[in-house]
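Enquirer: Contents of structure-v5.csv (CSV, C-alpha atoms and all ligand atoms):
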```
chain,number,residue,atom,x,y,z
A,28,MET,CA,13.6,-95.1,-24.5
A,29,ASN,CA,15.1,-93.9,-27.8
A,30,VAL,CA,17.3,-96.8,-29.0
A,31,VAL,CA,20.2,-95.4,-31.2
A,32,ASN,CA,21.2,-97.2,-34.4
A,33,ILE,CA,25.0,-97.2,-34.4
A,34,LYS,CA,25.2,-97.1,-38.2
A,35,ASP,CA,23.1,-93.9,-38.2
A,36,LEU,CA,25.8,-92.0,-36.3
A,37,SER,CA,28.7,-90.2,-38.0
A,38,PRO,CA,32.2,-91.0,-36.6
A,39,LYS,CA,32.0,-87.8,-34.5
A,40,GLU,CA,28.5,-88.6,-33.3
A,41,LEU,CA,29.6,-92.1,-32.3
A,42,GLU,CA,32.5,-90.8,-30.3
A,43,ASP,CA,30.2,-88.3,-28.5
A,44,PHE,CA,27.7,-91.1,-27.8
A,45,ILE,CA,30.4,-93.3,-26.2
A,46,ILE,CA,31.7,-90.4,-24.2
A,47,ASN,CA,28.2,-89.7,-22.9
A,48,LEU,CA,28.1,-93.3,-21.7
A,49,GLY,CA,31.1,-92.4,-19.5
A,50,GLU,CA,33.6,-94.3,-21.7
A,51,LYS,CA,36.9,-93.2,-23.3
A,52,PRO,CA,36.8,-92.0,-26.9
A,53,TYR,CA,38.9,-95.0,-28.2
A,54,ARG,CA,36.0,-97.3,-27.4
A,55,ALA,CA,34.1,-95.7,-30.3
A,56,VAL,CA,37.0,-96.8,-32.7
A,57,GLN,CA,36.9,-100.4,-31.2
A,58,LEU,CA,33.1,-100.5,-31.7
A,59,ALA,CA,33.3,-99.2,-35.2
A,60,LYS,CA,35.9,-101.8,-36.2
A,61,TRP,CA,33.5,-104.6,-35.0
A,62,VAL,CA,30.6,-103.0,-36.9
A,63,TYR,CA,32.2,-102.1,-40.2
A,64,LYS,CA,35.3,-104.3,-40.6
A,65,ARG,CA,34.2,-107.5,-38.9
A,66,ARG,CA,30.5,-106.7,-39.7
A,67,VAL,CA,29.0,-108.2,-36.5
A,68,THR,CA,25.4,-107.4,-35.6
A,69,SER,CA,25.5,-108.0,-31.8
A,70,PHE,CA,27.3,-106.2,-29.0
A,71,ASP,CA,28.0,-109.6,-27.3
A,72,GLU,CA,30.5,-110.5,-30.0
A,73,MET,CA,32.7,-107.4,-29.3
A,74,THR,CA,35.1,-109.3,-27.0
A,75,ASP,CA,37.5,-106.4,-26.5
A,76,LEU,CA,34.8,-104.2,-25.0
A,77,PRO,CA,34.2,-104.5,-21.2
A,78,ASN,CA,31.2,-106.6,-20.2
A,79,GLY,CA,29.5,-103.6,-18.6
A,80,LEU,CA,29.7,-101.5,-21.8
A,81,ARG,CA,28.4,-104.4,-23.9
A,82,ALA,CA,25.5,-104.8,-21.6
A,83,GLY,CA,24.8,-101.1,-21.6
A,84,LEU,CA,25.0,-100.8,-25.3
A,85,GLY,CA,22.5,-103.7,-25.6
A,86,VAL,CA,19.9,-101.5,-23.8
A,87,VAL,CA,20.5,-98.1,-25.5
A,88,ALA,CA,21.7,-99.0,-28.9
A,89,LYS,CA,21.3,-101.4,-31.8
A,90,ILE,CA,23.1,-102.5,-35.0
A,91,SER,CA,20.9,-102.6,-38.0
A,92,TYR,CA,21.4,-104.8,-41.0
A,93,LEU,CA,19.5,-105.5,-44.2
A,94,LYS,CA,18.2,-108.9,-45.1
A,95,PRO,CA,20.4,-110.5,-47.9
A,96,PRO,CA,19.2,-109.0,-51.1
A,97,LEU,CA,17.8,-110.6,-54.3
A,98,GLU,CA,20.7,-110.8,-56.8
A,99,ARG,CA,20.4,-110.6,-60.6
A,100,VAL,CA,23.5,-111.2,-62.7
A,101,SER,CA,23.8,-109.6,-66.1
A,102,SER,CA,25.4,-111.4,-69.1
A,103,ASP,CA,28.2,-108.7,-68.8
A,104,GLY,CA,29.0,-109.6,-65.1
A,105,THR,CA,27.1,-106.6,-63.7
A,106,LYS,CA,25.1,-107.6,-60.6
A,107,LYS,CA,22.0,-105.9,-59.4
A,108,TYR,CA,20.8,-106.2,-55.8
A,109,VAL,CA,17.3,-105.5,-54.6
A,110,PHE,CA,17.2,-104.9,-50.9
A,111,GLU,CA,13.9,-105.0,-48.9
A,112,LEU,CA,13.9,-102.3,-46.2
A,113,PHE,CA,12.2,-102.7,-42.7
A,114,ASP,CA,9.1,-101.0,-44.0
A,115,GLY,CA,8.7,-103.2,-47.1
A,116,ASN,CA,10.1,-100.6,-49.5
A,117,ARG,CA,12.7,-101.7,-51.9
A,118,ILE,CA,15.9,-100.2,-53.1
A,119,GLU,CA,18.6,-101.3,-55.6
A,120,SER,CA,22.4,-101.3,-55.7
A,121,VAL,CA,24.5,-102.3,-58.6
A,122,LEU,CA,28.0,-103.9,-58.6
A,123,ILE,CA,30.0,-103.3,-61.8
A,124,PRO,CA,33.2,-105.3,-62.2
A,125,GLU,CA,35.5,-103.7,-64.8
A,126,ASN,CA,39.3,-103.8,-65.4
A,127,GLY,CA,40.2,-105.2,-62.0
A,128,ARG,CA,37.9,-102.7,-60.2
A,129,ALA,CA,34.5,-103.4,-58.6
A,130,THR,CA,32.4,-100.3,-58.4
A,131,LEU,CA,29.3,-100.3,-56.2
A,132,CYS,CA,26.5,-97.9,-57.1
A,133,VAL,CA,24.4,-97.1,-54.0
A,134,SER,CA,20.9,-95.6,-53.6
A,135,THR,CA,20.1,-92.7,-51.3
A,136,GLN,CA,16.3,-92.5,-51.5
A,137,VAL,CA,13.3,-94.8,-52.2
A,138,GLY,CA,12.3,-93.3,-55.5
A,139,CYS,CA,13.2,-89.7,-56.4
A,140,ALA,CA,11.3,-86.4,-56.5
A,141,LEU,CA,13.3,-84.8,-59.2
A,142,ASP,CA,11.3,-86.1,-62.1
A,143,CYS,CA,13.9,-86.3,-64.8
A,144,THR,CA,11.9,-87.6,-67.8
A,145,PHE,CA,14.5,-90.1,-69.0
A,146,CYS,CA,14.8,-91.9,-65.6
A,147,LEU,CA,12.7,-94.8,-64.3
A,148,THR,CA,13.4,-94.0,-60.7
A,149,GLY,CA,12.0,-90.5,-61.3
A,150,ARG,CA,8.8,-92.1,-62.5
A,151,ILE,CA,8.2,-93.6,-59.0
A,152,GLY,CA,8.3,-90.2,-57.2
A,153,ARG,CA,10.0,-89.8,-53.9
A,154,ILE,CA,8.7,-92.3,-51.3
A,155,ARG,CA,11.2,-91.5,-48.6
A,156,ASN,CA,14.8,-90.7,-47.8
A,157,LEU,CA,17.2,-93.5,-46.7
A,158,ASP,CA,18.9,-93.3,-43.3
A,159,PRO,CA,22.7,-93.4,-43.2
A,160,SER,CA,22.5,-97.0,-42.0
A,161,GLU,CA,20.5,-98.0,-45.1
A,162,ILE,CA,23.1,-96.5,-47.4
A,163,LEU,CA,26.0,-98.2,-45.5
A,164,ASP,CA,24.1,-101.5,-45.3
A,165,GLN,CA,24.0,-101.7,-49.1
A,166,TYR,CA,27.8,-101.7,-49.0
A,167,ILE,CA,27.9,-104.3,-46.2
A,168,GLY,CA,25.2,-106.5,-47.8
A,169,VAL,CA,26.9,-106.6,-51.2
A,170,ASN,CA,30.3,-107.1,-49.6
A,171,ASN,CA,29.0,-110.1,-47.7
A,172,LEU,CA,27.8,-111.8,-50.9
A,173,ASN,CA,31.0,-111.2,-53.0
A,174,ASN,CA,34.6,-112.5,-52.8
A,175,GLN,CA,35.8,-109.6,-54.9
A,176,SER,CA,36.4,-106.5,-52.8
A,177,ILE,CA,34.6,-103.3,-53.6
A,178,THR,CA,37.2,-100.7,-54.9
A,179,ASN,CA,35.0,-97.7,-55.7
A,180,ILE,CA,31.6,-96.3,-54.6
A,181,VAL,CA,29.4,-94.1,-56.6
A,182,PHE,CA,26.3,-92.4,-55.2
A,183,MET,CA,24.3,-92.8,-58.4
A,184,GLY,CA,21.6,-95.3,-57.6
A,185,MET,CA,18.0,-94.5,-56.8
A,186,GLY,CA,17.4,-91.0,-55.6
A,187,GLU,CA,19.2,-87.6,-55.6
A,188,PRO,CA,21.9,-87.8,-52.9
A,189,LEU,CA,21.8,-84.0,-52.4
A,190,ASP,CA,18.0,-84.2,-51.7
A,191,ASN,CA,19.0,-86.4,-48.8
A,192,LEU,CA,22.2,-84.4,-47.8
A,193,GLU,CA,22.3,-85.3,-44.1
A,194,SER,CA,22.3,-89.1,-44.6
A,195,THR,CA,24.6,-88.8,-47.6
A,196,VAL,CA,27.2,-86.8,-45.6
A,197,LYS,CA,27.0,-89.1,-42.6
A,198,ALA,CA,27.5,-92.2,-44.8
A,199,LEU,CA,30.4,-90.5,-46.6
A,200,LYS,CA,32.1,-89.7,-43.3
A,201,THR,CA,31.8,-93.3,-42.2
A,202,PHE,CA,33.0,-94.6,-45.6
A,203,THR,CA,36.1,-92.4,-45.6
A,204,ASN,CA,37.1,-92.5,-41.9
A,205,PRO,CA,40.2,-94.8,-41.7
A,206,ASP,CA,39.0,-96.2,-38.4
A,207,PHE,CA,35.5,-97.0,-39.8
A,208,ILE,CA,35.3,-98.3,-43.4
A,209,GLY,CA,38.4,-96.4,-44.6
A,210,PHE,CA,37.7,-95.7,-48.3
A,211,SER,CA,39.9,-93.1,-50.0
A,212,PRO,CA,37.7,-90.0,-50.9
A,213,LYS,CA,39.4,-90.3,-54.4
A,214,LYS,CA,37.5,-93.6,-54.8
A,215,ILE,CA,34.1,-92.2,-54.0
A,216,THR,CA,31.9,-90.2,-56.3
A,217,VAL,CA,28.6,-88.3,-55.6
A,218,SER,CA,26.4,-87.7,-58.5
A,219,THR,CA,23.9,-84.9,-58.6
A,220,SER,CA,21.2,-83.6,-61.0
A,221,GLY,CA,22.2,-80.1,-59.9
A,222,ILE,CA,20.7,-78.8,-56.6
A,223,VAL,CA,23.2,-75.9,-56.7
A,224,PRO,CA,23.1,-74.7,-53.0
A,225,LYS,CA,23.5,-78.3,-51.8
A,226,ILE,CA,26.6,-78.8,-54.0
A,227,LYS,CA,28.1,-75.9,-52.0
A,228,GLU,CA,26.9,-77.4,-48.7
A,229,LEU,CA,28.4,-80.8,-49.6
A,230,GLY,CA,31.7,-79.2,-50.5
A,231,GLU,CA,31.8,-77.4,-47.1
A,232,GLN,CA,31.5,-80.8,-45.3
A,233,ILE,CA,33.6,-83.2,-47.4
A,234,SER,CA,35.9,-83.6,-50.4
A,235,VAL,CA,35.0,-86.4,-52.7
A,236,ASN,CA,34.6,-86.7,-56.5
A,237,LEU,CA,31.6,-84.9,-58.0
A,238,SER,CA,29.7,-86.0,-61.1
A,239,VAL,CA,27.0,-83.6,-62.4
A,240,SER,CA,24.3,-85.0,-64.6
A,241,LEU,CA,24.0,-82.3,-67.3
A,242,ASN,CA,22.2,-83.9,-70.3
A,243,ALA,CA,21.5,-80.6,-72.1
A,244,ALA,CA,23.3,-77.5,-73.2
A,245,ARG,CA,20.2,-75.3,-73.5
A,246,ASP,CA,18.1,-74.2,-70.6
A,247,ASP,CA,14.8,-74.7,-72.4
A,248,LEU,CA,15.7,-78.3,-73.2
A,249,ARG,CA,17.1,-79.0,-69.7
A,250,ASP,CA,14.0,-77.4,-68.1
A,251,GLU,CA,12.0,-80.0,-70.1
A,252,ILE,CA,14.0,-83.1,-69.3
A,253,MET,CA,15.3,-82.2,-65.9
A,254,PRO,CA,12.8,-79.9,-64.2
A,255,ILE,CA,15.4,-79.0,-61.4
A,256,ASN,CA,16.9,-76.7,-64.1
A,257,LYS,CA,14.0,-74.3,-63.7
A,258,ARG,CA,15.4,-73.5,-60.3
A,259,TYR,CA,19.1,-73.8,-61.0
A,260,PRO,CA,19.9,-73.1,-64.6
A,261,ILE,CA,22.9,-74.5,-66.5
A,262,LYS,CA,25.4,-71.6,-66.2
A,263,GLU,CA,24.8,-71.3,-62.4
A,264,LEU,CA,25.2,-75.1,-62.1
A,265,ILE,CA,28.5,-75.3,-64.0
A,266,GLU,CA,29.9,-72.3,-62.0
A,267,GLU,CA,29.1,-73.9,-58.6
A,268,SER,CA,30.3,-77.3,-59.7
A,269,ALA,CA,33.6,-75.8,-60.8
A,270,ARG,CA,34.2,-74.5,-57.3
A,271,PHE,CA,33.6,-77.9,-55.6
A,272,PRO,CA,36.6,-79.2,-53.7
A,273,ILE,CA,37.5,-82.3,-55.7
A,274,PRO,CA,40.3,-84.4,-54.2
A,275,LYS,CA,43.8,-83.7,-55.6
A,276,ARG,CA,44.6,-85.1,-59.0
A,277,LYS,CA,40.9,-85.9,-59.7
A,278,THR,CA,38.6,-84.1,-62.1
A,279,LEU,CA,35.1,-82.8,-62.0
A,280,THR,CA,32.8,-85.0,-64.3
A,281,PHE,CA,29.8,-84.0,-66.3
A,282,GLU,CA,27.5,-86.8,-67.4
A,283,TYR,CA,25.6,-86.4,-70.6
A,284,VAL,CA,23.0,-89.0,-71.5
A,285,LEU,CA,22.6,-89.0,-75.2
A,286,ILE,CA,19.0,-89.3,-76.3
A,287,GLU,CA,18.1,-89.8,-80.0
A,288,ASN,CA,16.7,-86.6,-81.6
A,289,VAL,CA,16.5,-84.9,-78.2
A,290,ASN,CA,20.0,-83.7,-77.2
A,291,ASP,CA,22.4,-85.5,-79.6
A,292,SER,CA,22.9,-83.1,-82.5
A,293,ASP,CA,26.2,-81.5,-83.5
A,294,GLU,CA,24.6,-78.2,-82.5
A,295,ASP,CA,24.0,-79.6,-79.0
A,296,ALA,CA,27.7,-80.7,-78.9
A,297,ARG,CA,28.9,-77.3,-80.0
A,298,ARG,CA,26.8,-75.5,-77.3
A,299,LEU,CA,28.1,-78.0,-74.7
A,300,GLY,CA,31.7,-77.4,-75.9
A,301,GLU,CA,31.3,-73.6,-75.6
A,302,LEU,CA,29.8,-74.0,-72.1
A,303,LEU,CA,32.6,-76.2,-70.8
A,304,MET,CA,35.5,-74.5,-72.5
A,305,GLY,CA,38.0,-73.4,-69.8
A,306,VAL,CA,36.3,-75.5,-67.1
A,307,LYS,CA,38.6,-78.2,-65.7
A,308,CYS,CA,36.5,-81.2,-66.2
A,309,LYS,CA,35.8,-84.4,-68.2
A,310,VAL,CA,32.6,-85.4,-69.9
A,311,ASN,CA,31.1,-88.9,-69.9
A,312,LEU,CA,28.7,-89.6,-72.7
A,313,ILE,CA,26.1,-92.3,-71.9
A,314,PRO,CA,24.0,-93.6,-74.7
A,315,PHE,CA,20.4,-93.7,-73.3
A,316,ASN,CA,19.4,-97.0,-71.8
A,317,GLU,CA,16.0,-97.8,-73.3
A,318,ALA,CA,13.5,-99.0,-70.7
A,319,ASP,CA,9.7,-99.2,-70.9
A,320,PRO,CA,7.7,-97.0,-70.4
A,321,LEU,CA,10.2,-94.2,-71.1
A,322,PRO,CA,9.6,-92.6,-74.5
A,323,TYR,CA,13.2,-92.2,-75.7
A,324,LYS,CA,15.6,-94.1,-77.9
A,325,SER,CA,19.4,-94.5,-77.8
A,326,PRO,CA,21.2,-92.8,-80.7
A,327,ALA,CA,23.0,-94.9,-83.4
A,328,GLU,CA,26.7,-95.6,-82.7
A,329,GLU,CA,27.9,-93.2,-85.4
A,330,ARG,CA,25.9,-90.3,-83.8
A,331,VAL,CA,27.5,-91.1,-80.4
A,332,PHE,CA,31.0,-90.9,-82.0
A,333,GLY,CA,30.0,-87.8,-84.0
A,334,PHE,CA,28.9,-86.0,-80.8
A,335,GLN,CA,32.2,-87.1,-79.1
A,336,LYS,CA,34.3,-85.8,-82.0
A,337,ALA,CA,32.5,-82.4,-82.0
A,338,LEU,CA,33.1,-82.0,-78.3
A,339,ILE,CA,36.7,-83.1,-78.4
A,340,SER,CA,37.3,-80.2,-80.9
A,341,TYR,CA,36.7,-77.9,-78.0
A,342,GLY,CA,39.7,-79.4,-76.1
A,343,ILE,CA,37.4,-81.4,-73.7
A,344,ASN,CA,38.3,-84.8,-72.4
A,345,VAL,CA,35.3,-87.0,-73.5
A,346,ARG,CA,34.7,-90.7,-72.8
A,347,ILE,CA,31.9,-92.8,-74.0
A,348,ARG,CA,30.6,-94.9,-71.1
A,349,LYS,CA,29.8,-98.5,-71.9
A,350,ASN,CA,26.2,-99.6,-71.0
A,351,ARG,CA,26.5,-102.2,-68.3
A,352,GLY,CA,23.7,-104.4,-66.9
A,353,ARG,CA,21.1,-103.3,-69.4
A,354,ASP,CA,19.5,-106.8,-69.6
A,355,ILE,CA,18.8,-106.8,-65.8
A,356,LEU,CA,17.6,-103.1,-65.8
A,357,GLY,CA,20.7,-102.3,-63.7
A,358,ALA,CA,22.0,-99.6,-66.0
A,359,CYS,CA,22.0,-95.9,-65.4
A,360,GLY,CA,18.4,-94.5,-65.2
A,361,GLN,CA,16.9,-97.9,-65.1
A,362,LEU,CA,16.7,-98.5,-61.4
A,363,ALA,CA,13.1,-98.7,-60.2
A,364,ALA,CA,13.5,-101.5,-57.6
A,365,ASP,CA,11.2,-103.6,-59.5
A,366,TYR,CA,8.3,-101.4,-58.5
A,367,PRO,CA,5.1,-102.5,-60.3
A,368,PHE,CA,4.3,-100.4,-63.3
A,369,LYS,CA,1.1,-99.2,-61.6
A,370,ASN,CA,3.3,-97.0,-59.5
A,371,ILE,CA,5.0,-95.5,-62.5
A,372,LYS,CA,3.7,-92.1,-63.5
A,373,PRO,CA,3.5,-91.4,-67.3
A,374,SER,CA,6.4,-89.2,-68.5
A,375,LYS,CA,5.7,-85.5,-68.8
A,376,PHE,CA,7.9,-85.2,-71.9
A,377,SER,CA,6.0,-83.2,-74.5
A,378,GLY,CA,7.9,-84.4,-77.5
A,379,LYS,CA,8.2,-80.8,-78.8
A,380,LEU,CA,11.9,-80.3,-78.3
A,381,LYS,CA,13.1,-80.6,-81.9
B,1,LIG,S1,18.2,-89.0,-62.9
B,1,LIG,FE1,18.7,-89.0,-60.7
B,1,LIG,S2,17.8,-87.0,-60.0
B,1,LIG,FE2,16.8,-87.5,-62.0
B,1,LIG,S3,14.9,-88.6,-61.4
B,1,LIG,FE3,16.5,-90.1,-61.8
B,1,LIG,S4,17.3,-90.6,-59.7
B,1,LIG,FE4,16.3,-88.6,-59.6
```
Mind turning the file's structure into structure tokens?

Expert:
Amino acid sequence: MNVVNIKDLSPKELEDFIINLGEKPYRAVQLAKWVYKRRVTSFDEMTDLPNGLRAGLGVVAKISYLKPPLERVSSDGTKKYVFELFDGNRIESVLIPENGRATLCVSTQVGCALDCTFCLTGRIGRIRNLDPSEILDQYIGVNNLNNQSITNIVFMGMGEPLDNLESTVKALKTFTNPDFIGFSPKKITVSTSGIVPKIKELGEQISVNLSVSLNAARDDLRDEIMPINKRYPIKELIEESARFPIPKRKTLTFEYVLIENVNDSDEDARRLGELLMGVKCKVNLIPFNEADPLPYKSPAEERVFGFQKALISYGINVRIRKNRGRDILGACGQLAADYPFKNIKPSKFSGKLK
């Protein structure tokens, strides 16, 4: 018999599942409260469900959970969690406390197929997609270990969320449903490297914040450092992103990792300014997080400020993002779930960009 994992079902699927068992739809909400708010892992503990339903659920369904993760704490308070999955694969989540908020960065895949040359996860390659339950269990697992409540969730960990769209959407629906986890969509951000048709598909299914990892203002450069650009070039990506249904009073974000002597010149800033002029957006500049064996360096602080200044002159709202968790390899682009280096492919970067 096919045993259903409750956390792999979207709210609508859970309701249908309960109805198919001959129960009233409100039983799905009761069950979800036990699973996501009280975080129990057995049907026997669900004391407001009838005995018959509890016994039946025990036969046809299960509630998955991840083993408590390994925790590493950075000197800046950032915490990295390494979770071991049922098949022995490992994924990472990062909790970033800042200004009264606690942002959880979740993974959506083991590794990543997109091969961005500045990213350690990309060096592993894609091993497999995560199930919705494995995305949700990162939130539950980190919550169980921390007194501070998680206030924001970003889908920016290992993997490209839109390369695992089905699990990403199901997890988002569970996160945002008030009867399930109940996060405001305004507090959730999905980050993408730019799979253009999937941006459209995501927007047709849910409205959350969107953050697009741009990192270059010329197609030849972006083709080199983010190969997905060969299929979906910059202009097409910006146009599709600008149509995405962001929640009210929120703004589309473009992320730009600044890499010394690759994409950090004033000329790059001017091109970026011209591309984004008139687009309702903000830009986050992220000085590259150096990590072996990646062949790049972070620009000097003056260069970062110079780039910001050049971009601001185009009327664009630009922030410099602080590097958090660098000492525990928990910063942006550094997540590789402690995979041994023998699994890491050499970068394809040709070094001919300048
Ligand atoms: S930056 Fe994102 S999309 Fe690119 S390889 Fe890394 S995880 Fe994948």

Enquirer: Find the residue from A:Gln175, A:Gln165, A:Thr130, A:Ser218 that sits nearest to ligand LIG 1 (chain B); use all atoms listed in the file when measuring.

Expert: A:Ser218

Enquirer: 10 Å from ligand LIG 1 (chain B) is the threshold here; counting all atoms listed in the file, which polymer residues fall inside it? Answer as a ChimeraX atom specification.

Expert: /A:134-153,182-190,218-222,240-242,252-255,284,359-363

Enquirer: If you measure from atom CA of Asn32 of chain A to atom CA of Val87 of chain A, what distance in Å do you get, rounded to one decimal?

Expert: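 It comes out at 9.0 Å.
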
Enquirer: List every protein, DNA or RNA residue that has at least one atom no more than 10 Å from (35.7, -104.4, -31.3) in the file's coordinates, counting all atoms listed in the file, and write the result as a count of residues only.

Expert: 19

Enquirer: Take atom CA of Ile90 of chain A and atom CA of Arg66 of chain A and report the distance between them in Å, one decimal.

Expert: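 These atoms are spaced 9.7 Å apart.
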
Enquirer: Can you tell me how far atom CA of Gly300 of chain A sits from atom CA of Lys257 of chain A, in Å to one decimal?

Expert: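 Distance reported for this atom pair: 21.7 Å.
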
Enquirer: Check the smallest atom-to-atom distance from each of A:Arg270, A:Lys34, A:Lys336, A:Arg117 to Asp164 of chain A using all atoms listed in the file, then report the winner.

Expert: A:Lys34

Enquirer: Given the point (27.7, -90.3, -71.1) in the file's coordinates, find the residues that have an atom at most 7 Å from it, counting all atoms listed in the file, and give them as a list in words.

Expert: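 Looking at atoms near the point gives Glu282, Tyr283, Val284, Leu285, Asn311, Leu312, Ile313, Pro314, Ile347 and Arg348 of chain A.
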
Enquirer: Using all atoms listed in the file, which of A:Leu84, A:Ile46, A:Leu237, A:Ala244 sits nearest Leu338 of chain A?

Expert: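 Nearest to Leu338 of chain A: A:Ala244.
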
Enquirer: Taking all atoms listed in the file into account, name the residue in A:Thr201, A:Thr278, A:Asn316, A:Asn47 that is nearest to Arg351 of chain A.

Expert: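 Among A:Thr201, A:Thr278, A:Asn316, A:Asn47, it is A:Asn316 that comes nearest to Arg351 of chain A.
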
Enquirer: N, CA and C atoms for segment 258-279 of chain A, written as a PDB file, in the frame of the given file, could you do that?

Expert:
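File produced: result18.pdb:
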```pdb
ATOM      1  N   ARG A 258      14.890 -74.167 -61.477  1.00  0.00           N
ATOM      2  CA  ARG A 258      15.400 -73.500 -60.300  1.00  0.00           C
ATOM      3  C   ARG A 258      16.838 -73.110 -60.367  1.00  0.00           C
ATOM      4  N   TYR A 259      17.634 -73.985 -60.946  1.00  0.00           N
ATOM      5  CA  TYR A 259      19.100 -73.800 -61.000  1.00  0.00           C
ATOM      6  C   TYR A 259      19.575 -73.987 -62.416  1.00  0.00           C
ATOM      7  N   PRO A 260      19.583 -72.929 -63.217  1.00  0.00           N
ATOM      8  CA  PRO A 260      19.900 -73.100 -64.600  1.00  0.00           C
ATOM      9  C   PRO A 260      21.389 -73.481 -64.881  1.00  0.00           C
ATOM     10  N   ILE A 261      21.640 -73.854 -66.129  1.00  0.00           N
ATOM     11  CA  ILE A 261      22.900 -74.500 -66.500  1.00  0.00           C
ATOM     12  C   ILE A 261      24.149 -73.715 -66.087  1.00  0.00           C
ATOM     13  N   LYS A 262      24.151 -72.415 -66.387  1.00  0.00           N
ATOM     14  CA  LYS A 262      25.400 -71.600 -66.200  1.00  0.00           C
ATOM     15  C   LYS A 262      25.702 -71.618 -64.644  1.00  0.00           C
ATOM     16  N   GLU A 263      24.651 -71.372 -63.849  1.00  0.00           N
ATOM     17  CA  GLU A 263      24.800 -71.300 -62.400  1.00  0.00           C
ATOM     18  C   GLU A 263      25.351 -72.709 -61.881  1.00  0.00           C
ATOM     19  N   LEU A 264      24.806 -73.773 -62.465  1.00  0.00           N
ATOM     20  CA  LEU A 264      25.200 -75.100 -62.100  1.00  0.00           C
ATOM     21  C   LEU A 264      26.670 -75.389 -62.387  1.00  0.00           C
ATOM     22  N   ILE A 265      27.077 -75.016 -63.600  1.00  0.00           N
ATOM     23  CA  ILE A 265      28.500 -75.300 -64.000  1.00  0.00           C
ATOM     24  C   ILE A 265      29.417 -74.439 -63.111  1.00  0.00           C
ATOM     25  N   GLU A 266      29.042 -73.189 -62.847  1.00  0.00           N
ATOM     26  CA  GLU A 266      29.900 -72.300 -62.000  1.00  0.00           C
ATOM     27  C   GLU A 266      30.093 -72.887 -60.622  1.00  0.00           C
ATOM     28  N   GLU A 267      28.986 -73.331 -60.006  1.00  0.00           N
ATOM     29  CA  GLU A 267      29.100 -73.900 -58.600  1.00  0.00           C
ATOM     30  C   GLU A 267      29.857 -75.173 -58.620  1.00  0.00           C
ATOM     31  N   SER A 268      29.613 -76.020 -59.646  1.00  0.00           N
ATOM     32  CA  SER A 268      30.300 -77.300 -59.700  1.00  0.00           C
ATOM     33  C   SER A 268      31.810 -77.112 -59.834  1.00  0.00           C
ATOM     34  N   ALA A 269      32.215 -76.105 -60.607  1.00  0.00           N
ATOM     35  CA  ALA A 269      33.600 -75.800 -60.800  1.00  0.00           C
ATOM     36  C   ALA A 269      34.337 -75.415 -59.532  1.00  0.00           C
ATOM     37  N   ARG A 270      33.563 -74.912 -58.563  1.00  0.00           N
ATOM     38  CA  ARG A 270      34.200 -74.500 -57.300  1.00  0.00           C
ATOM     39  C   ARG A 270      34.232 -75.643 -56.282  1.00  0.00           C
ATOM     40  N   PHE A 271      33.657 -76.802 -56.612  1.00  0.00           N
ATOM     41  CA  PHE A 271      33.600 -77.900 -55.600  1.00  0.00           C
ATOM     42  C   PHE A 271      34.982 -78.442 -55.323  1.00  0.00           C
ATOM     43  N   PRO A 272      35.275 -78.726 -54.040  1.00  0.00           N
ATOM     44  CA  PRO A 272      36.600 -79.200 -53.700  1.00  0.00           C
ATOM     45  C   PRO A 272      36.869 -80.664 -54.004  1.00  0.00           C
ATOM     46  N   ILE A 273      37.207 -80.912 -55.261  1.00  0.00           N
ATOM     47  CA  ILE A 273      37.500 -82.300 -55.700  1.00  0.00           C
ATOM     48  C   ILE A 273      38.850 -82.709 -55.081  1.00  0.00           C
ATOM     49  N   PRO A 274      39.010 -84.014 -54.739  1.00  0.00           N
ATOM     50  CA  PRO A 274      40.300 -84.400 -54.200  1.00  0.00           C
ATOM     51  C   PRO A 274      41.449 -84.145 -55.235  1.00  0.00           C
ATOM     52  N   LYS A 275      42.666 -83.982 -54.704  1.00  0.00           N
ATOM     53  CA  LYS A 275      43.800 -83.700 -55.600  1.00  0.00           C
ATOM     54  C   LYS A 275      43.986 -84.709 -56.671  1.00  0.00           C
ATOM     55  N   ARG A 276      44.396 -84.250 -57.829  1.00  0.00           N
ATOM     56  CA  ARG A 276      44.600 -85.100 -59.000  1.00  0.00           C
ATOM     57  C   ARG A 276      43.364 -85.786 -59.523  1.00  0.00           C
ATOM     58  N   LYS A 277      42.202 -85.349 -59.117  1.00  0.00           N
ATOM     59  CA  LYS A 277      40.900 -85.900 -59.700  1.00  0.00           C
ATOM     60  C   LYS A 277      40.242 -84.729 -60.411  1.00  0.00           C
ATOM     61  N   THR A 278      39.261 -85.096 -61.214  1.00  0.00           N
ATOM     62  CA  THR A 278      38.600 -84.100 -62.100  1.00  0.00           C
ATOM     63  C   THR A 278      37.114 -84.133 -61.947  1.00  0.00           C
ATOM     64  N   LEU A 279      36.527 -82.953 -61.975  1.00  0.00           N
ATOM     65  CA  LEU A 279      35.100 -82.800 -62.000  1.00  0.00           C
ATOM     66  C   LEU A 279      34.525 -83.525 -63.273  1.00  0.00           C
TER      67      LEU A 279
END
```
